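Structure data (mmCIF, C-alpha atoms) from entry.cif:
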```
data_run
loop_
_atom_site.label_atom_id
_atom_site.label_comp_id
_atom_site.auth_asym_id
_atom_site.auth_seq_id
_atom_site.Cartn_x
_atom_site.Cartn_y
_atom_site.Cartn_z
CA MET A 187 157.89 -39.16 -51.24
CA ALA A 188 154.09 -39.18 -51.15
CA PHE A 189 152.23 -39.08 -54.46
CA ARG A 190 148.83 -38.45 -52.93
CA SER A 191 146.38 -35.57 -52.94
CA SER A 192 144.78 -34.35 -49.73
CA ARG A 193 141.47 -35.02 -51.50
CA THR A 194 142.24 -38.72 -51.93
CA PRO A 195 140.20 -40.89 -49.54
CA GLY A 196 142.56 -42.84 -47.33
CA GLY A 197 142.86 -45.10 -44.35
CA VAL A 198 141.44 -48.56 -43.74
CA ASN A 199 137.73 -48.04 -44.22
CA ILE A 200 134.87 -50.05 -42.80
CA PHE A 201 134.23 -51.93 -46.02
CA VAL A 202 137.81 -53.20 -46.05
CA LYS A 203 137.37 -54.43 -42.48
CA MET A 204 134.10 -56.16 -43.33
CA ASP A 205 135.60 -57.75 -46.45
CA ALA A 206 138.43 -59.16 -44.32
CA ALA A 207 135.87 -60.52 -41.85
CA LYS A 208 134.01 -62.22 -44.71
CA ARG A 209 137.23 -63.81 -45.94
CA ARG A 210 138.00 -65.15 -42.48
CA ALA A 211 134.52 -66.65 -42.24
CA GLN A 212 134.87 -68.35 -45.63
CA GLU A 213 138.33 -69.68 -44.73
CA ALA A 214 136.79 -71.11 -41.57
CA GLY A 215 134.34 -73.08 -43.71
CA LEU A 216 131.21 -70.99 -43.11
CA ASN A 217 128.63 -70.70 -45.85
CA VAL A 218 128.44 -66.90 -45.98
CA ILE A 219 125.15 -65.25 -46.88
CA ASP A 220 126.22 -61.81 -48.08
CA LEU A 221 123.64 -59.12 -47.33
CA SER A 222 126.20 -56.32 -47.27
CA ALA A 223 126.04 -55.02 -50.85
CA GLY A 224 122.96 -53.43 -52.37
CA ALA A 225 123.43 -55.29 -55.65
CA SER A 226 120.22 -56.92 -56.83
CA ASP A 227 120.24 -60.71 -57.11
CA MET A 228 117.30 -60.62 -59.52
CA PRO A 229 117.97 -61.39 -63.22
CA CYS A 230 118.60 -58.76 -65.89
CA PRO A 231 115.62 -58.27 -68.20
CA PRO A 232 115.92 -60.62 -71.20
CA GLU A 233 115.10 -57.70 -73.50
CA ALA A 234 118.24 -55.93 -72.25
CA LEU A 235 120.41 -59.00 -72.79
CA ALA A 236 118.99 -59.41 -76.30
CA ALA A 237 119.87 -55.80 -77.10
CA LEU A 238 123.39 -56.40 -75.80
CA ALA A 239 123.82 -59.56 -77.88
CA GLU A 240 122.70 -57.71 -80.99
CA ALA A 241 125.11 -54.85 -80.35
CA VAL A 242 128.26 -56.93 -79.85
CA PRO A 243 128.90 -57.77 -83.55
CA ASP A 244 127.64 -54.35 -84.74
CA HIS A 245 130.82 -52.55 -85.81
CA THR A 246 129.14 -49.15 -85.45
CA THR A 247 129.32 -49.63 -81.67
CA HIS A 248 133.05 -50.33 -81.62
CA SER A 249 134.40 -46.78 -81.76
CA TYR A 250 134.44 -43.92 -79.27
CA CYS A 251 130.98 -42.78 -78.25
CA LEU A 252 130.76 -39.00 -78.42
CA ARG A 253 127.81 -36.87 -77.30
CA GLY A 254 125.84 -37.62 -80.47
CA GLY A 255 126.09 -41.33 -79.76
CA THR A 256 124.24 -40.89 -76.48
CA MET A 257 121.22 -39.17 -78.00
CA PRO A 258 119.13 -42.34 -78.60
CA LEU A 259 119.34 -43.14 -74.89
CA LEU A 260 118.66 -39.53 -73.88
CA HIS A 261 115.59 -39.34 -76.13
CA ALA A 262 114.35 -42.57 -74.53
CA ALA A 263 115.05 -41.12 -71.08
CA VAL A 264 113.06 -37.92 -71.60
CA ALA A 265 110.21 -39.94 -73.16
CA TRP A 266 110.24 -42.19 -70.09
CA TYR A 267 110.14 -39.13 -67.84
CA LYS A 268 107.27 -37.61 -69.82
CA GLU A 269 105.27 -40.83 -69.46
CA ARG A 270 105.95 -41.02 -65.72
CA TYR A 271 105.65 -37.41 -64.66
CA GLY A 272 103.97 -35.55 -67.50
CA VAL A 273 106.86 -33.11 -67.95
CA ASP A 274 108.55 -32.38 -71.28
CA LEU A 275 112.34 -32.17 -71.13
CA CYS A 276 114.87 -31.46 -73.88
CA ALA A 277 117.16 -34.40 -74.61
CA SER A 278 119.82 -32.07 -76.00
CA THR A 279 120.06 -29.60 -73.12
CA GLN A 280 118.36 -31.13 -70.06
CA ALA A 281 119.70 -34.69 -70.15
CA GLN A 282 123.12 -36.33 -69.76
CA MET A 283 124.19 -39.97 -70.04
CA LEU A 284 126.18 -41.32 -67.07
CA ILE A 285 128.54 -44.24 -66.65
CA GLY A 286 126.59 -45.16 -63.55
CA ALA A 287 125.08 -42.84 -60.96
CA GLN A 288 128.27 -42.75 -58.85
CA GLU A 289 130.32 -41.43 -61.74
CA GLY A 290 127.65 -38.86 -62.48
CA LEU A 291 127.55 -37.50 -58.94
CA GLY A 292 131.33 -37.39 -58.63
CA HIS A 293 131.76 -35.40 -61.83
CA LEU A 294 128.76 -33.19 -61.07
CA LEU A 295 130.29 -32.04 -57.80
CA LEU A 296 133.49 -31.14 -59.64
CA SER A 297 131.48 -29.13 -62.16
CA ALA A 298 129.03 -27.42 -59.78
CA ALA A 299 131.24 -26.21 -56.92
CA ASP A 300 134.79 -25.14 -56.15
CA ALA A 301 137.13 -26.73 -53.63
CA GLY A 302 136.32 -25.30 -50.21
CA ASP A 303 132.63 -24.80 -50.99
CA GLY A 304 130.03 -26.51 -48.84
CA ILE A 305 127.51 -29.23 -49.57
CA VAL A 306 124.37 -29.62 -47.46
CA MET A 307 123.70 -33.32 -46.94
CA ALA A 308 122.26 -35.80 -44.48
CA ASP A 309 124.53 -37.28 -41.84
CA VAL A 310 123.41 -40.70 -43.07
CA GLY A 311 123.79 -41.66 -46.72
CA PHE A 312 125.22 -43.86 -49.44
CA PRO A 313 128.94 -44.23 -48.64
CA SER A 314 130.07 -43.02 -52.06
CA TYR A 315 128.55 -39.62 -51.30
CA PHE A 316 131.17 -38.98 -48.65
CA GLY A 317 134.00 -40.05 -50.92
CA ALA A 318 132.75 -37.93 -53.82
CA VAL A 319 132.50 -34.93 -51.52
CA GLN A 320 136.09 -35.43 -50.37
CA VAL A 321 137.45 -35.88 -53.89
CA ALA A 322 135.71 -32.67 -54.98
CA GLY A 323 137.28 -30.86 -52.03
CA LEU A 324 133.90 -29.84 -50.60
CA THR A 325 133.00 -29.38 -46.94
CA PRO A 326 129.94 -31.31 -45.71
CA ILE A 327 127.30 -29.36 -43.82
CA TYR A 328 125.39 -32.16 -42.15
CA MET A 329 121.66 -32.32 -41.50
CA PRO A 330 120.63 -34.89 -38.86
CA LEU A 331 117.67 -37.07 -39.80
CA ASP A 332 114.49 -37.46 -37.79
CA PRO A 333 114.74 -40.87 -36.03
CA VAL A 334 111.25 -41.85 -37.18
CA THR A 335 110.77 -40.34 -40.65
CA PHE A 336 114.48 -40.20 -41.58
CA LEU A 337 113.85 -36.81 -43.19
CA PRO A 338 116.01 -33.73 -42.54
CA ASP A 339 114.73 -30.47 -41.11
CA PHE A 340 115.87 -27.66 -43.40
CA GLY A 341 114.97 -25.12 -40.74
CA ALA A 342 117.67 -26.52 -38.45
CA LEU A 343 120.33 -24.81 -40.57
CA SER A 344 120.73 -21.06 -40.16
CA VAL A 345 121.55 -18.56 -42.86
CA GLU A 346 124.79 -17.88 -41.02
CA GLN A 347 125.79 -21.56 -41.07
CA LEU A 348 125.19 -21.82 -44.79
CA ALA A 349 127.03 -18.60 -45.55
CA ALA A 350 129.99 -19.53 -43.36
CA GLY A 351 130.16 -22.93 -45.02
CA ARG A 352 129.98 -21.44 -48.55
CA ALA A 353 127.10 -23.81 -49.33
CA LYS A 354 126.60 -24.44 -53.06
CA VAL A 355 124.88 -27.82 -53.26
CA LEU A 356 122.03 -29.63 -51.51
CA LEU A 357 122.17 -33.43 -51.86
CA LEU A 358 119.08 -35.57 -51.22
CA ASN A 359 118.15 -39.21 -51.86
CA TYR A 360 114.56 -40.50 -51.52
CA PRO A 361 113.62 -43.33 -51.56
CA ASN A 362 116.65 -43.56 -49.35
CA ASN A 363 119.68 -45.77 -48.97
CA PRO A 364 120.20 -46.98 -46.27
CA THR A 365 117.03 -46.07 -44.35
CA SER A 366 114.43 -47.06 -47.00
CA ALA A 367 112.53 -43.86 -46.11
CA THR A 368 110.35 -42.08 -48.65
CA ALA A 369 109.58 -38.39 -49.12
CA ASP A 370 106.36 -36.82 -50.41
CA ALA A 371 105.76 -33.85 -52.68
CA LEU A 372 105.40 -31.46 -49.75
CA PHE A 373 108.90 -32.35 -48.54
CA PHE A 374 110.37 -31.71 -51.98
CA GLU A 375 108.48 -28.43 -52.29
CA ARG A 376 110.22 -27.35 -49.09
CA ALA A 377 113.55 -28.57 -50.49
CA ILE A 378 113.08 -26.55 -53.68
CA ALA A 379 112.18 -23.43 -51.68
CA PHE A 380 115.23 -23.96 -49.44
CA ALA A 381 117.51 -24.35 -52.47
CA LYS A 382 116.12 -21.21 -54.08
CA GLN A 383 116.40 -19.21 -50.88
CA HIS A 384 120.08 -20.05 -50.45
CA GLY A 385 121.19 -20.30 -54.08
CA LEU A 386 121.86 -24.05 -53.94
CA LEU A 387 121.85 -26.65 -56.67
CA LEU A 388 119.49 -29.39 -55.51
CA VAL A 389 120.90 -32.77 -56.51
CA HIS A 390 118.39 -35.57 -56.07
CA ASP A 391 119.80 -39.08 -56.38
CA ASN A 392 116.83 -41.25 -57.36
CA PRO A 393 118.01 -44.80 -58.15
CA TYR A 394 115.17 -46.39 -56.16
CA VAL A 395 112.42 -44.57 -58.09
CA ASP A 396 110.65 -47.87 -58.88
CA GLN A 397 111.07 -49.54 -55.49
CA THR A 398 108.16 -47.82 -53.73
CA TYR A 399 105.81 -50.40 -52.24
CA ASP A 400 102.50 -48.51 -52.21
CA GLU A 401 102.92 -45.97 -55.03
CA ASP A 402 103.62 -46.63 -58.70
CA HIS A 403 106.84 -44.61 -58.50
CA ALA A 404 108.60 -42.13 -56.26
CA VAL A 405 108.15 -38.37 -56.26
CA SER A 406 110.44 -36.43 -58.59
CA PRO A 407 111.29 -32.85 -57.58
CA LEU A 408 111.82 -31.98 -61.25
CA SER A 409 108.10 -32.43 -61.82
CA LEU A 410 107.18 -29.88 -59.14
CA PRO A 411 106.82 -26.11 -59.63
CA GLY A 412 110.25 -24.47 -59.68
CA GLY A 413 112.09 -27.79 -59.77
CA LEU A 414 113.83 -27.21 -63.08
CA ASP A 415 115.11 -23.85 -61.85
CA VAL A 416 117.39 -25.39 -59.23
CA CYS A 417 117.42 -29.17 -59.56
CA VAL A 418 119.07 -32.07 -61.33
CA GLU A 419 118.03 -35.65 -60.77
CA ILE A 420 120.09 -38.82 -61.14
CA PHE A 421 118.53 -42.08 -62.35
CA SER A 422 120.19 -45.49 -62.51
CA PHE A 423 119.64 -48.81 -64.25
CA SER A 424 121.22 -50.75 -61.37
CA LYS A 425 118.19 -51.04 -59.08
CA SER A 426 115.09 -50.94 -61.28
CA TYR A 427 116.57 -53.17 -63.98
CA HIS A 428 119.26 -55.18 -62.14
CA LEU A 429 122.11 -53.93 -64.37
CA ALA A 430 124.52 -52.90 -61.60
CA GLY A 431 127.62 -54.33 -63.28
CA PHE A 432 126.92 -52.62 -66.61
CA ARG A 433 127.32 -49.09 -65.16
CA LEU A 434 124.64 -46.97 -66.81
CA GLY A 435 122.51 -44.04 -65.71
CA PHE A 436 121.32 -40.62 -66.77
CA MET A 437 120.81 -37.17 -65.30
CA LEU A 438 117.89 -34.88 -66.04
CA GLY A 439 117.20 -31.30 -65.03
CA ASN A 440 118.59 -27.77 -64.98
CA ALA A 441 120.25 -27.00 -68.31
CA ASP A 442 123.11 -24.95 -66.85
CA ALA A 443 124.10 -27.72 -64.43
CA ILE A 444 123.82 -30.33 -67.20
CA ALA A 445 126.05 -28.24 -69.49
CA ALA A 446 128.66 -27.86 -66.75
CA LEU A 447 128.67 -31.60 -66.13
CA ALA A 448 128.96 -32.32 -69.86
CA SER A 449 132.02 -30.04 -70.03
CA VAL A 450 133.76 -31.97 -67.24
CA LYS A 451 132.86 -35.34 -68.71
CA ALA A 452 134.14 -34.26 -72.12
CA VAL A 453 137.71 -34.28 -70.78
CA MET A 454 137.22 -37.32 -68.53
CA ASP A 455 135.50 -40.04 -70.56
CA PHE A 456 133.97 -41.07 -73.88
CA ASN A 457 130.62 -42.13 -72.40
CA GLN A 458 129.40 -45.68 -71.92
CA TRP A 459 129.65 -48.23 -74.73
CA ALA A 460 126.74 -47.93 -77.15
CA GLY A 461 125.77 -51.57 -76.67
CA ILE A 462 125.15 -51.00 -72.97
CA GLN A 463 123.18 -47.86 -73.81
CA ARG A 464 120.97 -50.01 -76.03
CA MET A 465 120.32 -52.20 -73.00
CA GLY A 466 119.13 -49.09 -71.21
CA ILE A 467 116.78 -48.13 -74.02
CA ALA A 468 115.24 -51.62 -73.92
CA CYS A 469 114.76 -51.31 -70.16
CA LEU A 470 113.02 -47.95 -70.37
CA GLN A 471 110.46 -49.52 -72.70
CA LEU A 472 109.56 -52.43 -70.40
CA PRO A 473 105.95 -52.74 -69.21
CA ARG A 474 105.33 -51.07 -65.85
CA GLN A 475 103.91 -54.25 -64.36
CA ARG A 476 107.34 -55.88 -64.53
CA LEU A 477 108.70 -53.18 -62.22
CA ARG A 478 105.73 -53.35 -59.89
CA ASP A 479 106.24 -57.11 -59.57
CA ASP A 480 109.85 -56.49 -58.55
CA ALA A 481 108.74 -53.94 -55.95
CA ALA A 482 106.32 -56.51 -54.54
CA ALA A 483 109.17 -59.01 -54.31
CA TRP A 484 111.32 -56.55 -52.32
CA ARG A 485 108.38 -55.87 -50.04
CA ALA A 486 107.83 -59.59 -49.43
CA ARG A 487 111.50 -60.05 -48.59
CA ALA A 488 111.42 -57.14 -46.14
CA ALA A 489 108.40 -58.68 -44.44
CA ALA A 490 110.05 -62.11 -44.30
CA LEU A 491 113.23 -60.84 -42.65
CA SER A 492 111.34 -58.56 -40.27
CA GLU A 493 109.13 -61.47 -39.20
CA GLY A 494 112.11 -63.77 -38.74
CA LEU A 495 114.15 -61.29 -36.70
CA GLU A 496 111.21 -60.64 -34.40
CA LYS A 497 110.67 -64.36 -33.88
CA HIS A 498 114.27 -65.56 -33.52
CA ALA A 499 116.13 -62.52 -32.17
CA GLY A 500 113.45 -60.46 -30.46
CA TRP A 501 114.49 -57.68 -32.82
CA SER A 502 111.53 -55.55 -33.85
CA ILE A 503 112.09 -53.66 -37.11
CA PRO A 504 109.19 -51.70 -38.63
CA LEU A 505 108.46 -52.54 -42.25
CA PRO A 506 109.85 -49.96 -44.68
CA ARG A 507 107.82 -48.32 -47.44
CA SER A 508 110.40 -48.74 -50.19
CA CYS A 509 113.79 -50.04 -51.28
CA MET A 510 115.73 -53.25 -50.84
CA TYR A 511 116.98 -52.76 -47.28
CA LEU A 512 116.09 -53.13 -43.63
CA TRP A 513 117.67 -50.42 -41.46
CA ALA A 514 117.41 -50.55 -37.70
CA PRO A 515 119.21 -49.71 -34.47
CA LEU A 516 120.77 -52.62 -32.66
CA PRO A 517 118.25 -54.40 -30.40
CA ALA A 518 118.01 -53.13 -26.84
CA SER A 519 119.36 -56.45 -25.55
CA LEU A 520 122.76 -55.62 -27.08
CA HIS A 521 123.10 -52.07 -25.78
CA GLY A 522 126.36 -51.74 -23.89
CA ILE A 523 127.57 -55.12 -25.18
CA VAL A 524 128.64 -54.41 -28.77
CA ASP A 525 128.51 -51.50 -31.18
CA ASP A 526 127.33 -51.73 -34.78
CA LEU A 527 130.78 -52.52 -36.20
CA GLN A 528 131.53 -55.18 -33.57
CA PHE A 529 128.11 -56.75 -34.10
CA SER A 530 128.60 -56.88 -37.88
CA GLU A 531 132.07 -58.41 -37.57
CA GLU A 532 130.86 -61.02 -35.06
CA LEU A 533 127.83 -61.87 -37.19
CA VAL A 534 129.88 -62.74 -40.25
CA GLN A 535 132.78 -64.39 -38.40
CA ARG A 536 130.64 -66.54 -36.13
CA LYS A 537 127.47 -67.09 -38.14
CA GLY A 538 128.37 -66.38 -41.75
CA VAL A 539 125.93 -63.51 -42.34
CA ALA A 540 127.46 -60.35 -43.79
CA VAL A 541 125.69 -57.02 -43.18
CA ASN A 542 126.86 -53.43 -43.08
CA PRO A 543 127.39 -51.52 -39.84
CA GLY A 544 125.53 -48.23 -39.73
CA ARG A 545 128.67 -46.15 -39.29
CA ALA A 546 129.62 -47.07 -42.87
CA PHE A 547 126.80 -44.73 -43.93
CA GLY A 548 128.00 -41.65 -42.12
CA PRO A 549 128.21 -40.24 -38.60
CA GLY A 550 124.45 -40.47 -38.07
CA GLY A 551 124.48 -44.21 -38.73
CA ILE A 552 126.40 -45.24 -35.61
CA GLY A 553 124.40 -47.83 -33.68
CA TYR A 554 122.44 -49.02 -36.73
CA VAL A 555 122.74 -52.01 -39.06
CA ARG A 556 121.69 -52.36 -42.71
CA PHE A 557 120.50 -55.65 -44.18
CA ALA A 558 120.37 -55.75 -47.99
CA LEU A 559 117.45 -57.96 -49.04
CA VAL A 560 119.44 -59.79 -51.70
CA ALA A 561 118.39 -63.34 -50.91
CA PRO A 562 115.08 -65.19 -51.28
CA GLY A 563 112.48 -64.55 -48.59
CA GLU A 564 112.66 -68.05 -47.15
CA VAL A 565 116.43 -67.73 -46.73
CA LEU A 566 116.01 -64.39 -44.97
CA ARG A 567 113.27 -65.65 -42.64
CA ASP A 568 114.40 -69.22 -41.94
CA ASP A 569 118.18 -69.03 -42.17
CA VAL A 570 119.48 -65.47 -41.76
CA ALA A 571 117.11 -64.59 -38.92
CA VAL A 572 117.94 -67.84 -37.09
CA ARG A 573 121.68 -67.13 -37.30
CA VAL A 574 121.16 -63.56 -36.09
CA GLY A 575 119.09 -64.84 -33.18
CA GLN A 576 121.81 -67.30 -32.25
CA LEU A 577 124.43 -64.54 -32.20
CA VAL A 578 122.27 -62.19 -30.13
CA ALA A 579 121.68 -64.97 -27.57
CA GLU A 580 125.39 -65.80 -27.44
CA LEU A 581 126.46 -62.18 -27.00
CA VAL A 582 123.93 -61.62 -24.20
CA ALA A 583 124.97 -64.85 -22.46
CA GLU A 584 128.67 -64.00 -22.73
CA SER A 585 128.05 -60.53 -21.32
CA SER A 586 126.10 -62.00 -18.40
CA ALA A 587 128.90 -64.48 -17.71
CA ARG A 588 131.48 -61.68 -17.65
CA SER A 589 129.30 -59.71 -15.23
CA ARG A 590 129.11 -62.67 -12.83
CA ALA A 591 132.83 -63.39 -13.02
#
```
Produce structure tokens that represent the structure in this file.
Amino acid sequence: MAFRSSRTPGGVNIFVKMDAAKRRAQEAGLNVIDLSAGASDMPCPPEALAALAEAVPDHTTHSYCLRGGTMPLLHAAVAWYKERYGVDLCASTQAQMLIGAQEGLGHLLLSAADAGDGIVMADVGFPSYFGAVQVAGLTPIYMPLDPVTFLPDFGALSVEQLAAGRAKVLLLNYPNNPTSATADALFFERAIAFAKQHGLLLVHDNPYVDQTYDEDHAVSPLSLPGGLDVCVEIFSFSKSYHLAGFRLGFMLGNADAIAALASVKAVMDFNQWAGIQRMGIACLQLPRQRLRDDAAAWRARAAALSEGLEKHAGWSIPLPRSCMYLWAPLPASLHGIVDDLQFSEELVQRKGVAVNPGRAFGPGGIGYVRFALVAPGEVLRDDVAVRVGQLVAELVAESSARSRA
């Protein structure tokens, strides 16, 4: 007897395979440098930890946290948004606390569309997107990304395709995981127009809002004309403030979509613990320079790894404009020798460097590799890049030997 829904993700996924490869490398005595997970290695802000310490003995935080208990965080969130983007939002009707961005997206899809409806999304994206779509019973309508800009072309989808697929939602994420691409206001103006034309809810996942290298912060579609008519935006404390394990985020935007999400969450959870919400409030009040310093650190790490891979592996990867990742196709020297999954497994098993194969990020990621920049720059340049170069040389030599045999 099978106690399993057809909407339950199943099978041995790529992350399970990579985790097994990491274990084998560790059992073999390799010192594994894990660049597979996009979990910041930078410290939590001390102000957030102080708020947490103060909340622990406070008995008022020890009970269930209903909607009213989330209002201090939501007021702080809309004040933060007003300071950043100059737009007034209502904390009561246009904001929702999340137990992390992943939880928020998963429940939003359940509240915004019916099983069998379609979701327009890139064919490359954060792996949890694909799982959330399956759990909600939605059908993906994929948009391929431009190989240079990593932006989708909305015009590539016809009215007939969208109607046949019962499209209800448009999901975007810029700055982007895994590609580190950014999108400007003109792109989001086109996205808003596309969503309005086809009656779609535009969901913009924006956890990397503070990881832009050249701008103070990323573009927010909610701040653009017409954005509030069709859009909700998800923000996270995991990337900007290094609180990944504490699971906290918030959603801002269209009041109808927020109300629908709140109705689903009301029967699913009692919100995040108030002490962790206080951490979030402290983070939203941090000086901007702290966040700009972090963005500069990510940029320096990207440059260090790019320089090292060029030098030691002959692997040329253009510098990104945002985020905490390098994303690149396998070097030409490995074409026809290994695919992205084989390369990633060999890299960790032979050299003790764990990365993610591109196919883990959707069908458009095949042939690519993602490096998370979660180690100091000197480690990335002088250790990781050397190990990668050694593997590339070995794989090429072994292929040549097989050809001569």
Next item on the list: Name every residue that the PyMOL selection byres ((chain A and resi 555) around 9) selects in this structure, writing the answer as a list in words with chains first and numbers rising.
Entry: Leu512, Trp513, Ala514, Pro515, Leu516, Asp526, Leu527, Phe529, Ser530, Val541, Asn542, Pro543, Gly544, Arg545, Gly551, Ile552, Gly553, Tyr554, Arg556 and Phe557 of chain A
Next item on the list: May I have the protein, DNA and RNA residues with an atom at most 10 Å from (117.2, -54.7, -64.1), counting all atoms listed in the file in the file's coordinates, returned as JSON, numbers by chain?
Entry: {"A": [226, 227, 228, 229, 230, 231, 232, 234, 422, 423, 424, 425, 426, 427, 428, 429, 430, 465, 466, 469, 476, 477, 480]}
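Between Glu346 in chain A and the candidates A:His403, A:Ser297, A:His384, A:Val453, the tightest atom-to-atom separation, counting only C-alpha atoms, involves A:His384.
For the file shown, the residue list from the PyMOL selection byres ((chain A and resi 435-445) around 6) reads Thr279, Gln280, Ala281, Gln282, Met283, Leu284, Gly286, Ala287, Leu414, Cys417, Val418, Glu419, Ile420, Phe421, Ser422, Phe423, Leu434, Ala446, Leu447 and Ala448 of chain A.
Considering only C-alpha atoms, the residue among A:Arg376, A:Lys203, A:Lys208, A:Arg487 positioned nearest to Gly341 in chain A is A:Arg376.
Among the candidate residues A:Ala350, A:Cys276, A:Val450, A:Val534, the one lying nearest to Gln212 in chain A is A:Val534, with distances computed using all atoms listed in the file.
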Check: What's the 7 Å shell around Gln535 in chain A, counting all atoms listed in the file, without same-chain residues fewer than 2 positions away, as a PyMOL selection string?
Finding: chain A and resi 207-208+210-211+531-533+537-538
Notebook entry, point to check: Expanded to explicit residues, what is the PyMOL selection byres ((chain A and resi 582) around 12) for this file, as number ranges by chain?
Noted result: A: 499, 517-524, 529, 575-581, 583-589
Item checked: For Ala299 in chain A: contacts at 8 Å, only C-alpha atoms, fewer than 3 positions along chain excluded, given as a list in words -> Leu295, Leu296, Asp303, Leu324, Lys354 and Val355 of chain A
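Restricting the calculation to all atoms listed in the file, the smallest distance between Gln463 in chain A and any of A:Asn362, A:Thr256, A:Ser502, A:Thr368 is found for A:Thr256.
Across the structure, CA of Val389 in chain A and CA of Asn359 in chain A are spaced 8.4 Å apart.
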Next item on the list: Find, counting all atoms listed in the file, the residue in A:Ala236, A:Gly323, A:Met307, A:Leu337 that gets nearest to Ser191 in chain A.
Entry: A:Gly323
Next item on the list: Please work out which residues fall within 9 Å of (107.2, -26.1, -58.0), coordinates as given in the file, with all atoms listed in the file counting, and return them as a PyMOL selection string.
Entry: chain A and resi 374-375+378-379+407-414
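Pairwise distance (CA of Ala301 in chain A, CA of Arg190 in chain A) equals 16.6 Å.
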Final N, CA, C and O atoms of range 307-319 of chain A as a tab-separated table (two decimals), in the coordinates of the input:
```tsv
chain	number	residue	atom	x	y	z
A	307	MET	N	124.03	-31.92	-46.75
A	307	MET	CA	123.70	-33.32	-46.94
A	307	MET	C	123.33	-33.96	-45.61
A	307	MET	O	123.67	-33.45	-44.55
A	308	ALA	N	122.62	-35.08	-45.69
A	308	ALA	CA	122.26	-35.80	-44.48
A	308	ALA	C	123.49	-36.42	-43.83
A	308	ALA	O	124.48	-36.71	-44.51
A	309	ASP	N	123.41	-36.64	-42.53
A	309	ASP	CA	124.53	-37.28	-41.84
A	309	ASP	C	124.47	-38.80	-41.94
A	309	ASP	O	125.27	-39.51	-41.35
A	310	VAL	N	123.52	-39.29	-42.72
A	310	VAL	CA	123.41	-40.70	-43.07
A	310	VAL	C	123.19	-40.77	-44.58
A	310	VAL	O	122.30	-40.08	-45.10
A	311	GLY	N	123.97	-41.58	-45.29
A	311	GLY	CA	123.79	-41.66	-46.72
A	311	GLY	C	124.63	-42.74	-47.36
A	311	GLY	O	125.44	-43.41	-46.70
A	312	PHE	N	124.45	-42.91	-48.64
A	312	PHE	CA	125.22	-43.86	-49.44
A	312	PHE	C	126.71	-43.54	-49.27
A	312	PHE	O	127.12	-42.39	-49.44
A	313	PRO	N	127.54	-44.52	-48.93
A	313	PRO	CA	128.94	-44.23	-48.64
A	313	PRO	C	129.70	-43.48	-49.72
A	313	PRO	O	130.57	-42.66	-49.42
A	314	SER	N	129.36	-43.72	-50.98
A	314	SER	CA	130.07	-43.02	-52.06
A	314	SER	C	129.85	-41.52	-52.03
A	314	SER	O	130.67	-40.77	-52.57
A	315	TYR	N	128.76	-41.06	-51.41
A	315	TYR	CA	128.55	-39.62	-51.30
A	315	TYR	C	129.73	-38.97	-50.57
A	315	TYR	O	130.24	-37.93	-51.00
A	316	PHE	N	130.12	-39.57	-49.47
A	316	PHE	CA	131.17	-38.98	-48.65
A	316	PHE	C	132.51	-38.96	-49.39
A	316	PHE	O	133.27	-37.99	-49.29
A	317	GLY	N	132.78	-40.03	-50.14
A	317	GLY	CA	134.00	-40.05	-50.92
A	317	GLY	C	133.99	-39.04	-52.05
A	317	GLY	O	135.00	-38.36	-52.30
A	318	ALA	N	132.85	-38.90	-52.73
A	318	ALA	CA	132.75	-37.93	-53.82
A	318	ALA	C	132.93	-36.52	-53.31
A	318	ALA	O	133.55	-35.67	-53.95
A	319	VAL	N	132.37	-36.25	-52.13
A	319	VAL	CA	132.50	-34.93	-51.52
A	319	VAL	C	133.97	-34.64	-51.22
A	319	VAL	O	134.48	-33.54	-51.47
```
